[in-house]
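S.K.: Following this message is one structure expressed as structure tokens.
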Amino acid sequence: MTETTKTPVPDAVPTPPPAPRGLIPLPAAAARALLLAGGIATAASAFLAWTWTAEFPGDLTINGYPGGLQWLTFTAGVLTALFALASYGVRGLGWLLPARNNAPLALTALGGFAVTWFTVIAISANLGGVVNLEPGGWIAAIASLLTVLGAFALPQERTGTDGTKEAIKAYIAKPDRIPAAQAIAPWIQRAVITVVTIIGLGVFTYGIDTEYGELFIGYLFVVTFAMWAVHTAGLMDRFSALVAANRSFTLAMGFAAAIAFPFTQTDDHYANIGVNILIFGTVALGLNIVVGLAGLLDLGYVAFLGVGAYTAALVSGSEFSTISGVHLPFWASALAGAAASLVFGVLIGAPTLRLRGDYLAIVTLGFGEIFRIAVNNMDGDSGPDVTNGPNGIANIPDLNFFGFNFGQAHDIGGFTLGRFANYYLLMVLIMAIVVLVYTRAADSRIGRSWIAIREDETAATAMGINGFRVKLVAFALGASLAGLAGTVSAHVTYSVVPTPYQFAGSTPPNSAFLLAAVVLGGMGTVAGPLLGAALLYLLPEKLVFLQEKSLLAFGIALILLMRFRPEGIIANRRRQLEFHETGQLDVPKQTTLTDEPAVTKAGA
């Protein structure tokens, strides 16, 4: 009986995975070429006339020179073209895409599309139809649409990981472990930080200098999509690593840019916006201690700003002050305002900080309303004559430091600094003090206790932390910082009245706006509340139609933020890990103490 020989069956050839495709069925090469051509055409269209009449603000009737919103379209088109060239691997542009993905291309294309089509629609609405568009406007609209089609025809998944924070930190902090030719010299790191600071100052100055609402809306479109693109490209991670390696230099450059701001202005009105942003930001940073670090929901925090302002108004020599004959120097009135707010913080916090959660929030909300009603009734009729009631304290004299009168214009190095520019520079100094106090407190033992209380008060108490004492310190410190800012606010506005010190209103500062600034910017960070304060102050200032609907607009913004970025615009690292799963964008895998990947249950 013969044995049957079995013919071996060849192994099945594995089917290669399908090539990634975009949302639009178009070959990748054609999509990339369309994106590049559209970006160049979008930028070039800014040099053509978009309308025939100068009635639309910005004068978009000139051929050969952009104006108004055309500059924003030009900027978006150039950014799109640069990212497209970087995706081709053009030498010298590879650093623009360290994450090796196509998301930045789509985002810059969307930014150009948004600002261009917004301009086209605004021209048609303001002037009475699309008949008012010149060929340049049609070319810009079509070109920006082509960039979006090309961008969404590209696959959007991440194709590389060389932009991760771990690789970047090793690249910067441990140059001895990589080839010497690839190490970043310290002077180059500082040069990059300097250039980024200058660009940031220019972008911020342009936003404040916008003369009409349409231009500011276009500015928001371009800046939002550009920053989003930079973030997804991995450039933000690289810059964060540079900042971590040069913290002191970065902080110095930040304050140098802040000091340089009034020297870039020709209109003192914009310096007024700047000083109010700094006052609002200083108070928000003090609230960040209470809410962001200690986790205490305070809904009446603006009252501490009012305590500092009223204290300064009473002792600064105003003829309407009920304390006649008292005129303290500014340093004394500033200390008096901070001390008065601290005392009120302790008096309110001592009996209430044993409460938690919603109950504490209700009590602080009641304190804010009690303060406003009390100063409104201290007019000599309904109560003691202390604050002049609803009339407030007016004619607060300008500050005078060693013969330097803050109320007069001064020429410094060929630049003229007006009244608000003088107060702006004073607030920069106070902001530096507040940032120093905040960072030192957050990094101290008491700061770690605040974080422990915020995360789990029961567990922190079980570990030996005196929760009541720690929360009282946070409440008192936050109140004193708000009072310090209030002393400057009283002199900037010439008068103090009860109206602004309420829970919610159409304009800042009020408790709702302060809390929104902290949450929007990023709780537990230094730059977050400052950015949130700048946004919440600029939006009602530039967009007049939003002033009556500001709470609705900011409510919608906070809902969107909670959905897409619950940790805030500038994320605290701890909160970012809490809100996102490991492996998501910008959240690296957790490692052990030996820098080895942590073993998960699935891989055990």
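By order of appearance in the structure tokens: chains A, B, ..., then residues from 1 within every chain, and ligands from 1 in the order shown.
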In segment 282-464 of chain A, what's strand (DSSP E or B) per DSSP? Answer as a ChimeraX atom specification?
M.R.: /A:316,327,379,385,393,400-401,404-405,410-412,415-417
S.K.: Mind dumping the selected residues with N, CA and C atoms as a PDB file, in the first residue's frame?
M.R.:
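Below is the file result_7.pdb, written as the result:
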```
ATOM      1  N   SER A 316      -6.787 108.105  49.422  1.00  0.00           N
ATOM      2  CA  SER A 316      -5.912 108.686  48.400  1.00  0.00           C
ATOM      3  C   SER A 316      -6.130 110.168  48.188  1.00  0.00           C
ATOM      4  N   HIS A 327      -4.347 111.521  52.807  1.00  0.00           N
ATOM      5  CA  HIS A 327      -3.808 111.342  51.460  1.00  0.00           C
ATOM      6  C   HIS A 327      -2.506 110.551  51.588  1.00  0.00           C
ATOM      7  N   ASP A 379     -24.637 105.612  52.454  1.00  0.00           N
ATOM      8  CA  ASP A 379     -24.702 106.960  51.908  1.00  0.00           C
ATOM      9  C   ASP A 379     -25.099 108.014  52.938  1.00  0.00           C
ATOM     10  N   ASP A 385     -22.435 106.968  56.680  1.00  0.00           N
ATOM     11  CA  ASP A 385     -21.880 107.710  55.544  1.00  0.00           C
ATOM     12  C   ASP A 385     -20.411 107.313  55.369  1.00  0.00           C
ATOM     13  N   ILE A 393     -17.201 107.282  45.074  1.00  0.00           N
ATOM     14  CA  ILE A 393     -16.132 108.232  45.427  1.00  0.00           C
ATOM     15  C   ILE A 393     -15.463 108.659  44.135  1.00  0.00           C
ATOM     16  N   ASN A 400       1.565 109.914  42.000  1.00  0.00           N
ATOM     17  CA  ASN A 400       2.772 110.703  41.807  1.00  0.00           C
ATOM     18  C   ASN A 400       3.921 110.001  42.516  1.00  0.00           C
ATOM     19  N   PHE A 401       4.846 109.456  41.719  1.00  0.00           N
ATOM     20  CA  PHE A 401       6.015 108.765  42.264  1.00  0.00           C
ATOM     21  C   PHE A 401       7.256 109.624  42.058  1.00  0.00           C
ATOM     22  N   PHE A 404       7.100 111.907  39.342  1.00  0.00           N
ATOM     23  CA  PHE A 404       6.568 111.355  38.089  1.00  0.00           C
ATOM     24  C   PHE A 404       5.051 111.295  38.218  1.00  0.00           C
ATOM     25  N   ASN A 405       4.372 112.187  37.523  1.00  0.00           N
ATOM     26  CA  ASN A 405       2.914 112.261  37.590  1.00  0.00           C
ATOM     27  C   ASN A 405       2.317 111.301  36.565  1.00  0.00           C
ATOM     28  N   HIS A 410       4.450 111.684  29.075  1.00  0.00           N
ATOM     29  CA  HIS A 410       5.900 111.794  29.232  1.00  0.00           C
ATOM     30  C   HIS A 410       6.577 111.279  27.972  1.00  0.00           C
ATOM     31  N   ASP A 411       7.655 111.944  27.584  1.00  0.00           N
ATOM     32  CA  ASP A 411       8.453 111.528  26.429  1.00  0.00           C
ATOM     33  C   ASP A 411       9.646 110.731  26.926  1.00  0.00           C
ATOM     34  N   ILE A 412       9.738 109.475  26.465  1.00  0.00           N
ATOM     35  CA  ILE A 412      10.826 108.582  26.853  1.00  0.00           C
ATOM     36  C   ILE A 412      11.436 108.006  25.590  1.00  0.00           C
ATOM     37  N   PHE A 415       9.491 108.311  22.426  1.00  0.00           N
ATOM     38  CA  PHE A 415       8.125 107.789  22.487  1.00  0.00           C
ATOM     39  C   PHE A 415       7.338 108.578  23.527  1.00  0.00           C
ATOM     40  N   THR A 416       6.091 108.867  23.214  1.00  0.00           N
ATOM     41  CA  THR A 416       5.222 109.587  24.141  1.00  0.00           C
ATOM     42  C   THR A 416       4.311 108.593  24.852  1.00  0.00           C
ATOM     43  N   LEU A 417       4.415 108.562  26.170  1.00  0.00           N
ATOM     44  CA  LEU A 417       3.575 107.680  26.987  1.00  0.00           C
ATOM     45  C   LEU A 417       2.481 108.517  27.632  1.00  0.00           C
TER      46      LEU A 417
END
```
S.K.: Which residues are close to Ala490 of chain A, i.e. within 7 Å by only C-alpha atoms, leaving aside same-chain residues fewer than 4 positions away? Reply as a list in words.
M.R.: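 Listed by chain and then number, they are Ala309, Ala312, Ala313, Gly486, Tyr494, Ser495 and Val496 of chain A.
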S.K.: Based on the backbone DSSP call, show me all residues of segment 440-590 of chain A assigned alpha helix (DSSP H), as a ChimeraX atom specification.
M.R.: /A:440-442,445-455,457-462,467-493,511-521,527-542,550-564,573-579
S.K.: Point out the residue among A:Thr232, A:Thr282, A:Thr61, A:Thr364 with the least atom-to-atom distance to Ser489 of chain A, counting only C-alpha atoms.
M.R.: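 Closest residue, counting only C-alpha atoms: A:Thr282.
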S.K.: Between atom CA of Ala229 of chain A and atom CA of Ala571 of chain A, what is the distance in Å, rounded to a tenth?
M.R.: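 Calculated distance between atom CA of Ala229 of chain A and atom CA of Ala571 of chain A is 16.6 Å.
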S.K.: Could you check the closest approach to Pro262 of chain A for each of A:Ser321, A:Tyr206, A:Tyr424, A:Gly300 and tell me which residue wins, using only C-alpha atoms?
M.R.: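 Using only C-alpha atoms, Pro262 of chain A sits closest to A:Tyr424.
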S.K.: What are the closest atom pairs, with distances in Å to one decimal, for each residue of segment 56-86 of chain A lying within 10 Å of segment 98-120 of chain A, using only C-alpha atoms, rows by chain and rising residue number, as CSV?
M.R.:
```
residue,atom,partner,partner_atom,distance
A:Phe56,CA,A:Thr119,CA,10.0
A:Gly68,CA,A:Thr119,CA,9.9
A:Leu69,CA,A:Thr119,CA,6.9
A:Gln70,CA,A:Thr116,CA,8.0
A:Leu72,CA,A:Val115,CA,7.1
A:Thr73,CA,A:Gly112,CA,5.7
A:Phe74,CA,A:Gly112,CA,8.2
A:Thr75,CA,A:Gly112,CA,8.1
A:Ala76,CA,A:Gly112,CA,4.8
A:Gly77,CA,A:Gly112,CA,6.1
A:Val78,CA,A:Thr108,CA,9.3
A:Leu79,CA,A:Thr108,CA,6.5
A:Thr80,CA,A:Thr108,CA,5.3
A:Ala81,CA,A:Leu105,CA,8.6
A:Leu82,CA,A:Leu105,CA,9.1
A:Phe83,CA,A:Leu105,CA,5.9
A:Ala84,CA,A:Leu105,CA,6.5
A:Ala86,CA,A:Arg100,CA,9.4
```
S.K.: Determine, counting only C-alpha atoms, which protein, DNA and RNA residues have an atom within 10 Å of an atom of Gly528 of chain A; residues of the same chain fewer than 5 positions away are not included. Present the result as a PDB file with N, CA, C and O atoms, in the first residue's frame.
M.R.:
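Output below, filename selection01.pdb:
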```
ATOM      1  N   GLY A 281      -6.652  90.482  34.512  1.00  0.00           N
ATOM      2  CA  GLY A 281      -5.835  89.270  34.582  1.00  0.00           C
ATOM      3  C   GLY A 281      -5.245  89.050  35.956  1.00  0.00           C
ATOM      4  O   GLY A 281      -5.129  87.901  36.419  1.00  0.00           O
ATOM      5  N   ALA A 284      -7.954  87.659  38.074  1.00  0.00           N
ATOM      6  CA  ALA A 284      -8.208  86.270  37.674  1.00  0.00           C
ATOM      7  C   ALA A 284      -7.119  85.341  38.188  1.00  0.00           C
ATOM      8  O   ALA A 284      -7.397  84.192  38.564  1.00  0.00           O
ATOM      9  N   LEU A 285      -5.874  85.819  38.221  1.00  0.00           N
ATOM     10  CA  LEU A 285      -4.786  84.986  38.737  1.00  0.00           C
ATOM     11  C   LEU A 285      -4.948  84.751  40.233  1.00  0.00           C
ATOM     12  O   LEU A 285      -4.645  83.659  40.740  1.00  0.00           O
ATOM     13  N   ASN A 288      -7.452  82.185  40.601  1.00  0.00           N
ATOM     14  CA  ASN A 288      -6.904  80.884  40.218  1.00  0.00           C
ATOM     15  C   ASN A 288      -6.304  80.153  41.408  1.00  0.00           C
ATOM     16  O   ASN A 288      -6.268  78.919  41.434  1.00  0.00           O
ATOM     17  N   ALA A 517     -12.851  83.403  32.955  1.00  0.00           N
ATOM     18  CA  ALA A 517     -11.470  83.607  32.513  1.00  0.00           C
ATOM     19  C   ALA A 517     -10.561  82.501  33.022  1.00  0.00           C
ATOM     20  O   ALA A 517      -9.691  82.007  32.293  1.00  0.00           O
ATOM     21  N   VAL A 518     -10.751  82.082  34.273  1.00  0.00           N
ATOM     22  CA  VAL A 518      -9.925  81.016  34.845  1.00  0.00           C
ATOM     23  C   VAL A 518     -10.202  79.685  34.156  1.00  0.00           C
ATOM     24  O   VAL A 518      -9.281  78.953  33.771  1.00  0.00           O
ATOM     25  N   VAL A 519     -11.470  79.365  33.973  1.00  0.00           N
ATOM     26  CA  VAL A 519     -11.836  78.082  33.366  1.00  0.00           C
ATOM     27  C   VAL A 519     -11.456  78.059  31.885  1.00  0.00           C
ATOM     28  O   VAL A 519     -10.928  77.065  31.377  1.00  0.00           O
ATOM     29  N   LEU A 520     -11.726  79.151  31.187  1.00  0.00           N
ATOM     30  CA  LEU A 520     -11.425  79.217  29.761  1.00  0.00           C
ATOM     31  C   LEU A 520      -9.930  79.159  29.500  1.00  0.00           C
ATOM     32  O   LEU A 520      -9.465  78.421  28.625  1.00  0.00           O
ATOM     33  N   GLY A 521      -9.158  79.926  30.263  1.00  0.00           N
ATOM     34  CA  GLY A 521      -7.718  79.950  30.033  1.00  0.00           C
ATOM     35  C   GLY A 521      -7.017  78.676  30.469  1.00  0.00           C
ATOM     36  O   GLY A 521      -6.103  78.216  29.794  1.00  0.00           O
ATOM     37  N   GLY A 522      -7.423  78.118  31.584  1.00  0.00           N
ATOM     38  CA  GLY A 522      -6.784  76.897  32.087  1.00  0.00           C
ATOM     39  C   GLY A 522      -6.492  77.015  33.567  1.00  0.00           C
ATOM     40  O   GLY A 522      -5.606  77.773  33.980  1.00  0.00           O
ATOM     41  N   MET A 523      -7.238  76.279  34.391  1.00  0.00           N
ATOM     42  CA  MET A 523      -7.057  76.341  35.835  1.00  0.00           C
ATOM     43  C   MET A 523      -5.712  75.750  36.245  1.00  0.00           C
ATOM     44  O   MET A 523      -5.247  74.773  35.669  1.00  0.00           O
ATOM     45  N   ALA A 533      -8.518  86.241  30.559  1.00  0.00           N
ATOM     46  CA  ALA A 533      -8.910  87.614  30.853  1.00  0.00           C
ATOM     47  C   ALA A 533      -8.788  88.493  29.615  1.00  0.00           C
ATOM     48  O   ALA A 533      -9.651  89.340  29.353  1.00  0.00           O
ATOM     49  N   ALA A 534      -7.715  88.305  28.833  1.00  0.00           N
ATOM     50  CA  ALA A 534      -7.533  89.102  27.619  1.00  0.00           C
ATOM     51  C   ALA A 534      -8.670  88.845  26.632  1.00  0.00           C
ATOM     52  O   ALA A 534      -9.224  89.783  26.044  1.00  0.00           O
ATOM     53  N   GLY A 568      -8.943  73.480  29.442  1.00  0.00           N
ATOM     54  CA  GLY A 568      -8.681  74.887  29.162  1.00  0.00           C
ATOM     55  C   GLY A 568      -7.750  75.059  27.970  1.00  0.00           C
ATOM     56  O   GLY A 568      -7.149  74.108  27.479  1.00  0.00           O
ATOM     57  N   ILE A 569      -7.633  76.315  27.507  1.00  0.00           N
ATOM     58  CA  ILE A 569      -6.803  76.590  26.340  1.00  0.00           C
ATOM     59  C   ILE A 569      -5.350  76.266  26.640  1.00  0.00           C
ATOM     60  O   ILE A 569      -4.660  75.614  25.851  1.00  0.00           O
ATOM     61  N   ILE A 570      -4.842  76.735  27.774  1.00  0.00           N
ATOM     62  CA  ILE A 570      -3.479  76.405  28.214  1.00  0.00           C
ATOM     63  C   ILE A 570      -3.621  75.381  29.317  1.00  0.00           C
ATOM     64  O   ILE A 570      -4.056  75.703  30.428  1.00  0.00           O
ATOM     65  N   ALA A 571      -3.271  74.145  29.020  1.00  0.00           N
ATOM     66  CA  ALA A 571      -3.612  73.038  29.909  1.00  0.00           C
ATOM     67  C   ALA A 571      -2.579  72.863  31.008  1.00  0.00           C
ATOM     68  O   ALA A 571      -1.376  72.928  30.772  1.00  0.00           O
ATOM     69  N   ASN A 572      -3.070  72.660  32.218  1.00  0.00           N
ATOM     70  CA  ASN A 572      -2.241  72.155  33.293  1.00  0.00           C
ATOM     71  C   ASN A 572      -2.000  70.667  33.059  1.00  0.00           C
ATOM     72  O   ASN A 572      -2.905  69.920  32.722  1.00  0.00           O
TER      73      ASN A 572
END
```
S.K.: Which residues are close to Gly254 of chain A, i.e. within 12 Å by only C-alpha atoms, leaving aside same-chain residues fewer than 5 positions away? Reply as a PyMOL selection string.
M.R.: chain A and resi 193-201+243+247-249+259-261+428+431-432+435+527
S.K.: I'd like the interatomic distance between atom CA of Ile273 of chain A and atom CA of Leu328 of chain A, to a tenth of an Å.
M.R.: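 Between these atoms lies a distance of 27.3 Å.
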S.K.: Which one of A:Leu472, A:Ala140, A:Met378, A:Leu426 sits closest to Pro351 of chain A if you count only C-alpha atoms?
M.R.: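 The answer is A:Leu472, which sits nearest to Pro351 of chain A.
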S.K.: Within 9 Å of segment 498-500 of chain A, counting only C-alpha atoms, which residues qualify if same-chain residues fewer than 5 places away don't, as number ranges by chain?
M.R.: A: 302, 306, 371-373, 375-376, 389-392, 505, 507-510
